[in-house]
$ cat entry.csv   # CSV, C-alpha atoms
chain,number,residue,atom,x,y,z
E,1,MET,CA,173.4,136.5,207.5
E,2,SER,CA,176.6,136.1,205.6
E,3,GLN,CA,179.5,138.4,206.1
E,4,GLU,CA,180.4,140.6,203.2
E,5,PRO,CA,179.3,138.3,200.4
E,6,GLY,CA,180.6,139.0,196.9
E,7,ARG,CA,182.9,137.9,194.2
E,8,PHE,CA,186.4,139.3,193.8
E,9,ARG,CA,186.3,139.2,190.0
E,10,SER,CA,183.6,138.7,187.5
E,11,PRO,CA,183.2,135.4,185.6
E,12,ARG,CA,183.8,137.4,182.4
E,13,ILE,CA,187.2,138.5,183.6
E,14,ALA,CA,188.0,135.1,185.0
E,15,LEU,CA,187.2,133.5,181.7
E,16,GLU,CA,189.5,135.9,179.8
E,17,ALA,CA,192.3,135.1,182.2
E,18,VAL,CA,191.9,131.4,181.5
E,19,ARG,CA,191.8,131.9,177.7
E,20,THR,CA,194.8,134.2,177.5
E,21,ARG,CA,197.0,132.2,179.9
E,22,LEU,CA,200.1,130.8,178.1
E,23,VAL,CA,200.5,127.7,180.3
E,24,MET,CA,198.1,124.9,179.7
E,25,ALA,CA,199.5,121.7,181.2
E,26,GLY,CA,199.4,118.7,178.9
E,27,ALA,CA,197.6,120.5,176.1
E,28,PHE,CA,198.7,118.0,173.4
E,29,VAL,CA,202.0,120.0,173.2
E,30,GLY,CA,201.3,121.7,169.9
E,31,ALA,CA,198.5,119.8,168.4
E,32,LEU,CA,195.9,121.8,170.3
E,33,ILE,CA,195.3,125.4,169.8
E,34,ALA,CA,193.1,127.0,172.5
E,35,LEU,CA,190.9,129.8,171.3
E,36,GLY,CA,192.2,133.1,172.6
E,37,LEU,CA,195.8,131.9,173.3
E,38,SER,CA,198.5,134.0,171.6
E,39,VAL,CA,201.0,131.2,171.8
E,40,ALA,CA,200.4,127.5,171.2
E,41,PHE,CA,202.3,124.5,172.2
E,42,SER,CA,204.2,122.6,169.5
E,43,TRP,CA,205.4,119.0,169.1
E,44,THR,CA,208.8,120.6,168.6
E,45,ASP,CA,210.1,124.1,169.4
E,46,ASP,CA,208.8,125.4,166.1
E,47,ALA,CA,205.4,127.0,167.0
E,48,SER,CA,204.3,126.9,163.3
E,49,GLY,CA,204.3,123.2,163.3
E,50,GLY,CA,207.9,122.1,163.4
E,51,SER,CA,209.5,119.2,161.6
E,52,GLY,CA,208.7,116.5,164.1
E,53,THR,CA,206.1,113.8,163.6
E,54,GLY,CA,204.8,113.5,167.1
E,55,PRO,CA,205.5,114.3,170.8
E,56,GLY,CA,209.2,115.2,171.1
E,57,GLY,CA,209.6,114.8,167.4
E,58,GLY,CA,209.1,111.0,167.5
E,59,LYS,CA,206.7,108.8,165.6
E,60,LEU,CA,203.1,108.7,166.9
E,61,SER,CA,202.1,105.4,168.7
E,62,PRO,CA,199.3,103.4,167.2
E,63,ALA,CA,197.0,104.6,170.0
E,64,ALA,CA,198.0,108.3,169.3
E,65,GLU,CA,197.4,107.7,165.5
E,66,GLU,CA,193.9,106.4,166.4
E,67,ALA,CA,193.3,109.5,168.6
E,68,PHE,CA,194.3,111.8,165.7
E,69,LYS,CA,191.6,110.1,163.5
E,70,SER,CA,188.9,110.0,166.1
E,71,PRO,CA,185.3,110.8,165.1
E,72,ALA,CA,183.0,113.3,166.8
E,73,GLY,CA,181.8,111.9,170.2
E,74,SER,CA,185.3,110.4,171.0
E,75,CYS,CA,186.9,111.2,174.3
E,76,LEU,CA,190.7,111.4,174.6
E,77,ASN,CA,193.0,111.2,177.6
E,78,TRP,CA,196.7,111.3,178.4
E,79,LYS,CA,198.9,111.3,181.5
E,80,GLN,CA,202.4,112.2,180.2
E,81,LYS,CA,203.3,115.8,180.1
E,82,ASP,CA,204.0,115.8,176.4
E,83,ALA,CA,200.8,113.8,175.7
E,84,ALA,CA,202.7,111.1,173.9
E,85,ASP,CA,200.4,108.5,175.5
E,86,VAL,CA,197.2,110.1,174.1
E,87,HIS,CA,194.5,107.6,173.5
E,88,ILE,CA,190.7,107.2,173.1
E,89,VAL,CA,188.8,106.2,176.2
E,90,PRO,CA,185.1,105.7,176.9
E,91,CYS,CA,183.6,109.1,177.8
E,92,GLY,CA,182.3,107.6,181.0
E,93,GLU,CA,186.0,107.4,182.1
E,94,ALA,CA,188.2,110.3,183.1
E,95,HIS,CA,189.4,112.3,180.0
E,96,LEU,CA,190.8,115.7,179.0
E,97,PHE,CA,189.3,116.3,175.5
E,98,GLU,CA,186.0,115.5,173.8
E,99,VAL,CA,185.8,115.7,170.0
E,100,THR,CA,182.7,117.7,168.9
E,101,SER,CA,183.3,117.7,165.1
E,102,VAL,CA,185.7,116.8,162.4
E,103,GLU,CA,186.5,119.6,159.9
E,104,ASP,CA,188.3,119.4,156.6
E,105,ILE,CA,190.1,122.6,155.6
E,106,GLY,CA,191.6,121.2,152.4
E,107,GLY,CA,189.7,123.8,150.4
E,108,GLN,CA,191.5,126.6,152.1
E,109,PHE,CA,194.9,124.8,152.3
E,110,PRO,CA,195.6,122.4,149.3
E,111,LYS,CA,198.4,120.0,149.4
E,112,GLY,CA,201.7,121.8,149.5
E,113,ALA,CA,200.3,124.8,151.3
E,114,PRO,CA,202.5,126.0,154.2
E,115,THR,CA,201.4,125.1,157.7
E,116,PRO,CA,199.2,127.9,159.2
E,117,ASP,CA,200.8,130.1,161.8
E,118,ILE,CA,199.2,130.4,165.3
E,119,PRO,CA,197.0,133.4,164.5
E,120,ALA,CA,195.8,131.6,161.4
E,121,TRP,CA,195.0,128.4,163.4
E,122,GLU,CA,193.0,130.6,165.9
E,123,ARG,CA,191.0,132.1,163.0
E,124,ILE,CA,190.3,128.6,161.6
E,125,ALA,CA,189.2,127.4,165.0
E,126,GLN,CA,186.9,130.4,165.4
E,127,GLU,CA,185.4,129.8,162.0
E,128,HIS,CA,184.7,126.1,162.5
E,129,CYS,CA,184.3,125.2,166.2
E,130,PRO,CA,182.0,127.3,168.3
E,131,ALA,CA,178.9,126.8,166.1
E,132,ASN,CA,179.6,123.1,165.8
E,133,ALA,CA,180.0,122.8,169.5
E,134,LYS,CA,176.5,124.2,169.9
E,135,THR,CA,175.2,121.7,167.4
E,136,TYR,CA,177.0,118.8,169.2
E,137,LEU,CA,175.7,119.8,172.6
E,138,GLY,CA,172.2,120.5,171.4
E,139,LYS,CA,172.3,123.8,173.4
E,140,PRO,CA,174.3,127.0,173.4
E,141,LEU,CA,177.9,126.9,174.7
E,142,ASP,CA,178.0,128.7,178.0
E,143,PRO,CA,180.5,131.5,177.6
E,144,TYR,CA,181.1,131.5,181.4
E,145,GLY,CA,181.0,127.7,181.8
E,146,LYS,CA,183.6,125.2,182.4
E,147,PHE,CA,184.0,124.1,178.8
E,148,THR,CA,186.4,125.9,176.4
E,149,VAL,CA,186.7,125.1,172.7
E,150,ASN,CA,189.9,123.8,171.3
E,151,ILE,CA,191.2,122.1,168.1
E,152,LEU,CA,193.4,119.1,167.6
E,153,ARG,CA,195.3,119.9,164.4
E,154,PRO,CA,197.4,117.6,162.2
E,155,THR,CA,201.0,117.1,163.2
E,156,ALA,CA,203.7,118.5,161.0
E,157,ALA,CA,204.3,115.1,159.3
E,158,GLN,CA,200.5,114.6,158.7
E,159,TRP,CA,200.2,118.1,157.3
E,160,SER,CA,203.2,117.5,154.9
E,161,ALA,CA,201.4,114.3,153.8
E,162,GLY,CA,198.3,116.3,152.9
E,163,ASP,CA,196.2,115.7,156.0
E,164,ARG,CA,193.8,118.6,156.3
E,165,GLN,CA,191.5,117.3,158.9
E,166,LEU,CA,191.2,119.0,162.3
E,167,ARG,CA,189.1,118.0,165.3
E,168,CYS,CA,187.1,120.6,167.3
E,169,GLY,CA,186.6,119.6,170.9
E,170,LEU,CA,185.8,120.7,174.4
E,171,GLN,CA,188.0,120.7,177.5
E,172,TRP,CA,188.0,122.2,180.9
E,173,THR,CA,190.8,124.5,181.8
E,174,GLY,CA,191.1,125.6,185.4
E,175,PRO,CA,191.6,129.2,186.5
E,176,GLY,CA,195.3,128.5,187.0
E,177,GLY,CA,195.7,127.1,183.5
E,178,ALA,CA,195.8,123.3,184.2
E,179,LEU,CA,193.5,121.0,182.3
E,180,GLN,CA,190.8,119.5,184.6
E,181,THR,CA,189.5,115.9,184.3
E,182,LEU,CA,186.1,115.4,182.9
E,183,THR,CA,183.9,112.4,183.4
E,184,GLY,CA,180.9,111.7,181.2
E,185,SER,CA,180.0,113.2,177.8
E,186,ALA,CA,179.6,117.0,177.7
E,187,LYS,CA,176.2,116.5,176.1
E,188,GLU,CA,174.9,114.8,179.3
E,189,GLN,CA,176.1,117.3,181.9
E,190,GLN,CA,175.7,120.9,183.0
E,191,GLN,CA,178.3,123.4,181.8
E,192,SER,CA,178.2,125.2,185.2
E,193,LEU,CA,181.7,126.2,186.4
E,194,VAL,CA,181.5,124.6,189.8
E,195,TRP,CA,183.7,122.5,192.0
E,196,GLU,CA,182.8,119.7,194.4
E,197,PRO,CA,182.4,120.7,198.1
E,198,GLY,CA,185.7,120.2,199.9
E,199,THR,CA,187.7,121.5,197.0
E,200,CYS,CA,190.2,124.3,197.8
E,201,LEU,CA,191.5,126.6,195.1
E,202,ALA,CA,195.1,127.9,195.1
E,203,LEU,CA,195.9,131.5,195.8
E,204,ALA,CA,197.2,133.2,192.7
E,205,GLY,CA,198.4,136.7,193.5
E,206,LYS,CA,195.3,138.2,195.0
E,207,THR,CA,192.8,135.9,193.3
E,208,PHE,CA,192.3,132.1,192.8
E,209,GLY,CA,193.9,129.3,190.8
E,210,ASP,CA,193.6,125.6,190.3
E,211,PRO,CA,192.5,123.0,192.9
E,212,ILE,CA,195.0,122.4,195.7
E,213,ASP,CA,195.3,120.5,199.0
E,214,CYS,CA,193.4,122.5,201.6
E,215,ALA,CA,196.4,122.0,204.0
E,216,ARG,CA,198.4,124.3,201.7
E,217,GLU,CA,197.8,128.1,201.3
E,218,HIS,CA,194.7,128.6,199.3
E,219,SER,CA,192.1,131.2,198.4
E,220,TYR,CA,188.6,129.7,198.3
E,221,GLU,CA,187.3,126.5,200.0
E,222,ILE,CA,184.1,125.2,198.3
E,223,ILE,CA,181.5,124.4,201.0
E,224,ALA,CA,178.4,123.6,198.9
E,225,LYS,CA,177.0,123.2,195.4
E,226,LEU,CA,173.5,124.5,194.9
E,227,ASP,CA,171.0,124.5,192.1
E,228,LEU,CA,169.2,127.8,191.4
E,229,LYS,CA,166.5,125.8,189.7
E,230,THR,CA,165.2,124.6,193.0
E,231,LYS,CA,164.2,128.1,193.9
E,232,PHE,CA,163.6,129.5,190.4
E,233,PRO,CA,162.2,126.7,188.3
E,234,ASP,CA,160.5,128.8,185.6
E,235,SER,CA,162.7,131.7,184.5
E,236,TYR,CA,166.0,133.4,184.9
E,237,PRO,CA,166.3,135.1,188.3
E,238,SER,CA,167.8,138.6,188.5
E,239,GLN,CA,171.2,138.9,190.1
E,240,ASP,CA,169.6,140.5,193.1
E,241,ASP,CA,167.1,137.6,193.5
E,242,GLN,CA,170.0,135.1,193.2
E,243,LYS,CA,172.0,136.9,195.9
E,244,THR,CA,169.0,137.2,198.3
E,245,TRP,CA,168.4,133.4,198.0
E,246,LEU,CA,172.0,132.4,198.1
E,247,ASP,CA,172.6,134.6,201.2
E,248,THR,CA,170.2,132.4,203.1
E,249,GLU,CA,171.1,129.1,201.6
E,250,CYS,CA,174.9,129.5,201.6
E,251,THR,CA,174.6,130.6,205.3
E,252,LYS,CA,172.8,127.4,206.1
E,253,ALA,CA,175.3,125.3,204.1
E,254,ALA,CA,178.2,127.0,205.9
E,255,ALA,CA,176.7,126.1,209.2
E,256,ASP,CA,176.3,122.5,208.1
E,257,TYR,CA,179.8,122.3,206.6
E,258,THR,CA,181.7,123.9,209.4
E,259,GLY,CA,179.7,122.5,212.3
E,260,GLY,CA,178.4,125.9,213.2
E,261,ALA,CA,181.7,127.8,213.2
E,262,ASP,CA,181.8,131.6,213.5
E,263,LEU,CA,183.4,132.6,210.2
E,264,GLY,CA,183.9,136.1,211.4
E,265,ASP,CA,185.9,134.8,214.3
E,266,LYS,CA,188.1,132.9,211.9
E,267,LYS,CA,188.5,136.1,209.8
E,268,LEU,CA,186.7,134.4,206.9
E,269,ILE,CA,183.9,135.6,204.7
E,270,LEU,CA,181.1,133.7,203.0
E,271,THR,CA,180.7,134.3,199.2
E,272,TRP,CA,179.0,132.6,196.2
E,273,ASP,CA,178.7,132.5,192.5
E,274,THR,CA,175.8,133.9,190.4
E,275,ARG,CA,174.8,133.1,186.9
E,276,GLU,CA,174.5,135.3,183.9
E,277,THR,CA,171.6,135.1,181.5
E,278,GLU,CA,173.8,133.5,178.8
E,279,SER,CA,174.7,130.7,181.2
E,280,TRP,CA,171.1,130.2,182.2
E,281,ASP,CA,170.1,129.9,178.6
E,282,ALA,CA,172.7,127.2,178.2
E,283,GLY,CA,171.3,125.3,181.1
E,284,SER,CA,173.9,126.2,183.6
E,285,THR,CA,172.1,126.6,187.0
E,286,LEU,CA,174.5,125.2,189.5
E,287,VAL,CA,176.5,127.6,191.8
E,288,ASN,CA,179.1,127.2,194.5
E,289,CYS,CA,179.0,128.6,198.0
E,290,LYS,CA,182.6,129.2,199.3
E,291,VAL,CA,184.6,130.8,202.1
E,292,ALA,CA,187.7,132.9,201.8
E,293,ALA,CA,189.7,135.6,203.6
E,294,LYS,CA,190.2,139.0,202.0
E,295,LEU,CA,193.1,141.4,202.3
E,296,GLU,CA,192.5,144.3,204.8
E,297,ASP,CA,192.5,146.9,202.0
E,298,GLY,CA,189.8,144.9,200.2
E,299,SER,CA,192.0,144.5,197.1
E,300,GLY,CA,191.7,140.7,196.8
E,301,LEU,CA,192.0,137.4,198.5
E,302,ALA,CA,194.4,136.5,201.3
E,303,ALA,CA,196.0,133.2,202.1
E,304,VAL,CA,194.1,130.6,204.2
E,305,THR,CA,195.7,127.4,205.4
E,306,GLY,CA,193.7,124.4,206.6
E,307,SER,CA,190.1,123.4,206.0
E,308,VAL,CA,187.2,125.1,207.7
E,309,LYS,CA,185.2,121.8,207.6
E,310,GLY,CA,183.8,120.7,211.0
E,311,GLY,CA,184.4,117.3,212.5
E,312,PRO,CA,187.7,115.3,212.9
E,313,GLN,CA,189.3,116.7,209.7
E,314,GLY,CA,188.4,120.3,210.6
E,315,ASP,CA,189.3,120.4,214.2
E,316,ALA,CA,192.4,122.6,213.6
E,317,PRO,CA,191.0,126.0,212.6
E,318,PRO,CA,192.2,127.5,209.3
E,319,GLU,CA,194.8,130.3,209.5
E,320,SER,CA,194.4,133.4,207.4
E,321,SER,CA,197.1,135.9,206.6
E,322,ALA,CA,194.7,138.7,205.6
E,323,ALA,CA,197.0,141.3,207.2
E,324,SER,CA,200.0,140.2,205.2
E,325,PRO,CA,200.7,141.6,201.7
E,326,THR,CA,200.0,139.0,198.9
E,327,PRO,CA,202.2,138.7,195.8
E,328,THR,CA,200.6,140.3,192.8
E,329,SER,CA,201.9,137.9,190.2
E,330,GLY,CA,199.6,135.4,188.4
E,331,GLY,CA,195.8,135.2,188.5

$ encode --input "entry.csv" --output "structure tokens"
Amino acid sequence: MSQEPGRFRSPRIALEAVRTRLVMAGAFVGALIALGLSVAFSWTDDASGGSGTGPGGGKLSPAAEEAFKSPAGSCLNWKQKDAADVHIVPCGEAHLFEVTSVEDIGGQFPKGAPTPDIPAWERIAQEHCPANAKTYLGKPLDPYGKFTVNILRPTAAQWSAGDRQLRCGLQWTGPGGALQTLTGSAKEQQQSLVWEPGTCLALAGKTFGDPIDCAREHSYEIIAKLDLKTKFPDSYPSQDDQKTWLDTECTKAAADYTGGADLGDKKLILTWDTRETESWDAGSTLVNCKVAAKLEDGSGLAAVTGSVKGGPQGDAPPESSAASPTPTSGG
């Protein structure tokens, strides 16, 4: 049996932490407004739109101009921190944003109208994007899934010229705030918030952050990805039924992944995700099994260094500092 299985914070709390975080790396620097954010990035220092025409106030490149006119179904990617190199890519390639609909708000904001402030952009996004994301996906948007809704708005220069088109889209923001790479159209994949086995998540205060090298201090190490549908093909399983099945299956997976290591001897616990009914209705049935160390007072996660994986890469046992106090910032 697993040792003290459980989650250290609910998916609902985790989702709110992501959506209220003020640091989203590479988030189009002002063109994107993430739902729930109280501060948005700007092409310039002016959060209401600024006077610049593109990243850093410079003219948009032809590729970026094309991205700002992309139709629904387009996938966009960029590598530079200010997203100056944003461009359209095939959705089968790595990307950071998928356009779900193109909305014209000229009826609300005729030519000459001032640029909406951040709260106004958030209201506009709430009015236009979630329902259209459901239409685009052909199924509900999983409120606890990996996709979050965002908008690509006109730059300040485009707005001044009368451009009132915005692009609703989907992206994946990690628990630490960094955008995660997507591959394949969102329409063709599960929305389950899962990571590939072998992924380690950073320690953020007493909880978890974005993926990090397992050789560094981390919180969770993902050891397996399971599909609840293999056990419950017909209807949503209760949380208790999920936990009973995952207790057995994650224990098996841990033995395979670690080469039969005694997690208790390593001061580690085995834990897993469960799915809410809203996620199940959206088709999200995948879950992660994962290992971690917890603080002695049970208040959260402790730092672990090194992978627990068996074999040549896992010969050195992970070190946990469960007895040491953990910073409370972040997470």

$ residues_around --input "entry.csv" --residues "stretch 229-237 of chain E" --least-positions-apart "3" --cutoff "7 Å" --atoms "all atoms listed in the file" --output "PDB file with C-alpha atoms, in the coordinates of the input"
ATOM      1  CA  ASP E 241     167.100 137.600 193.500  1.00  0.00           C
ATOM      2  CA  GLN E 242     170.000 135.100 193.200  1.00  0.00           C
ATOM      3  CA  THR E 277     171.600 135.100 181.500  1.00  0.00           C
ATOM      4  CA  TRP E 280     171.100 130.200 182.200  1.00  0.00           C
ATOM      5  CA  THR E 285     172.100 126.600 187.000  1.00  0.00           C
TER       6      THR E 285
END

$ closest_residue --input "entry.csv" --among "E:Val102, E:Leu295, E:Val194, E:Ile151" --to "E:Ile118" --atoms "all atoms listed in the file"
E:Ile151

$ residues_around --input "entry.csv" --residues "E:Phe147" --least-positions-apart "3" --cutoff "9 Å" --atoms "only C-alpha atoms" --output "count of residues only"
12

$ residues_around --input "entry.csv" --residues "stretch 66-74 of chain E" --least-positions-apart "2" --cutoff "9 Å" --atoms "all atoms listed in the file" --output "number ranges by chain"
E: 61-64, 76, 86-91, 97-102, 136, 152-155, 165-169, 185

$ write_last_selection --input "entry.csv" --atoms "C-alpha atoms" --output "CSV table (one decimal), in the coordinates of the input"
chain,number,residue,atom,x,y,z
E,61,SER,CA,202.1,105.4,168.7
E,62,PRO,CA,199.3,103.4,167.2
E,63,ALA,CA,197.0,104.6,170.0
E,64,ALA,CA,198.0,108.3,169.3
E,76,LEU,CA,190.7,111.4,174.6
E,86,VAL,CA,197.2,110.1,174.1
E,87,HIS,CA,194.5,107.6,173.5
E,88,ILE,CA,190.7,107.2,173.1
E,89,VAL,CA,188.8,106.2,176.2
E,90,PRO,CA,185.1,105.7,176.9
E,91,CYS,CA,183.6,109.1,177.8
E,97,PHE,CA,189.3,116.3,175.5
E,98,GLU,CA,186.0,115.5,173.8
E,99,VAL,CA,185.8,115.7,170.0
E,100,THR,CA,182.7,117.7,168.9
E,101,SER,CA,183.3,117.7,165.1
E,102,VAL,CA,185.7,116.8,162.4
E,136,TYR,CA,177.0,118.8,169.2
E,152,LEU,CA,193.4,119.1,167.6
E,153,ARG,CA,195.3,119.9,164.4
E,154,PRO,CA,197.4,117.6,162.2
E,155,THR,CA,201.0,117.1,163.2
E,165,GLN,CA,191.5,117.3,158.9
E,166,LEU,CA,191.2,119.0,162.3
E,167,ARG,CA,189.1,118.0,165.3
E,168,CYS,CA,187.1,120.6,167.3
E,169,GLY,CA,186.6,119.6,170.9
E,185,SER,CA,180.0,113.2,177.8

$ atom_distance --input "entry.csv" --atom1 "atom CA of E:Asp104" --atom2 "atom CA of E:Glu122"
15.3 Å

$ residues_around --input "entry.csv" --residues "E:Asp210" --least-positions-apart "5" --cutoff "7 Å" --atoms "only C-alpha atoms" --output "ChimeraX atom specification"
/E:174-176,178,201-202
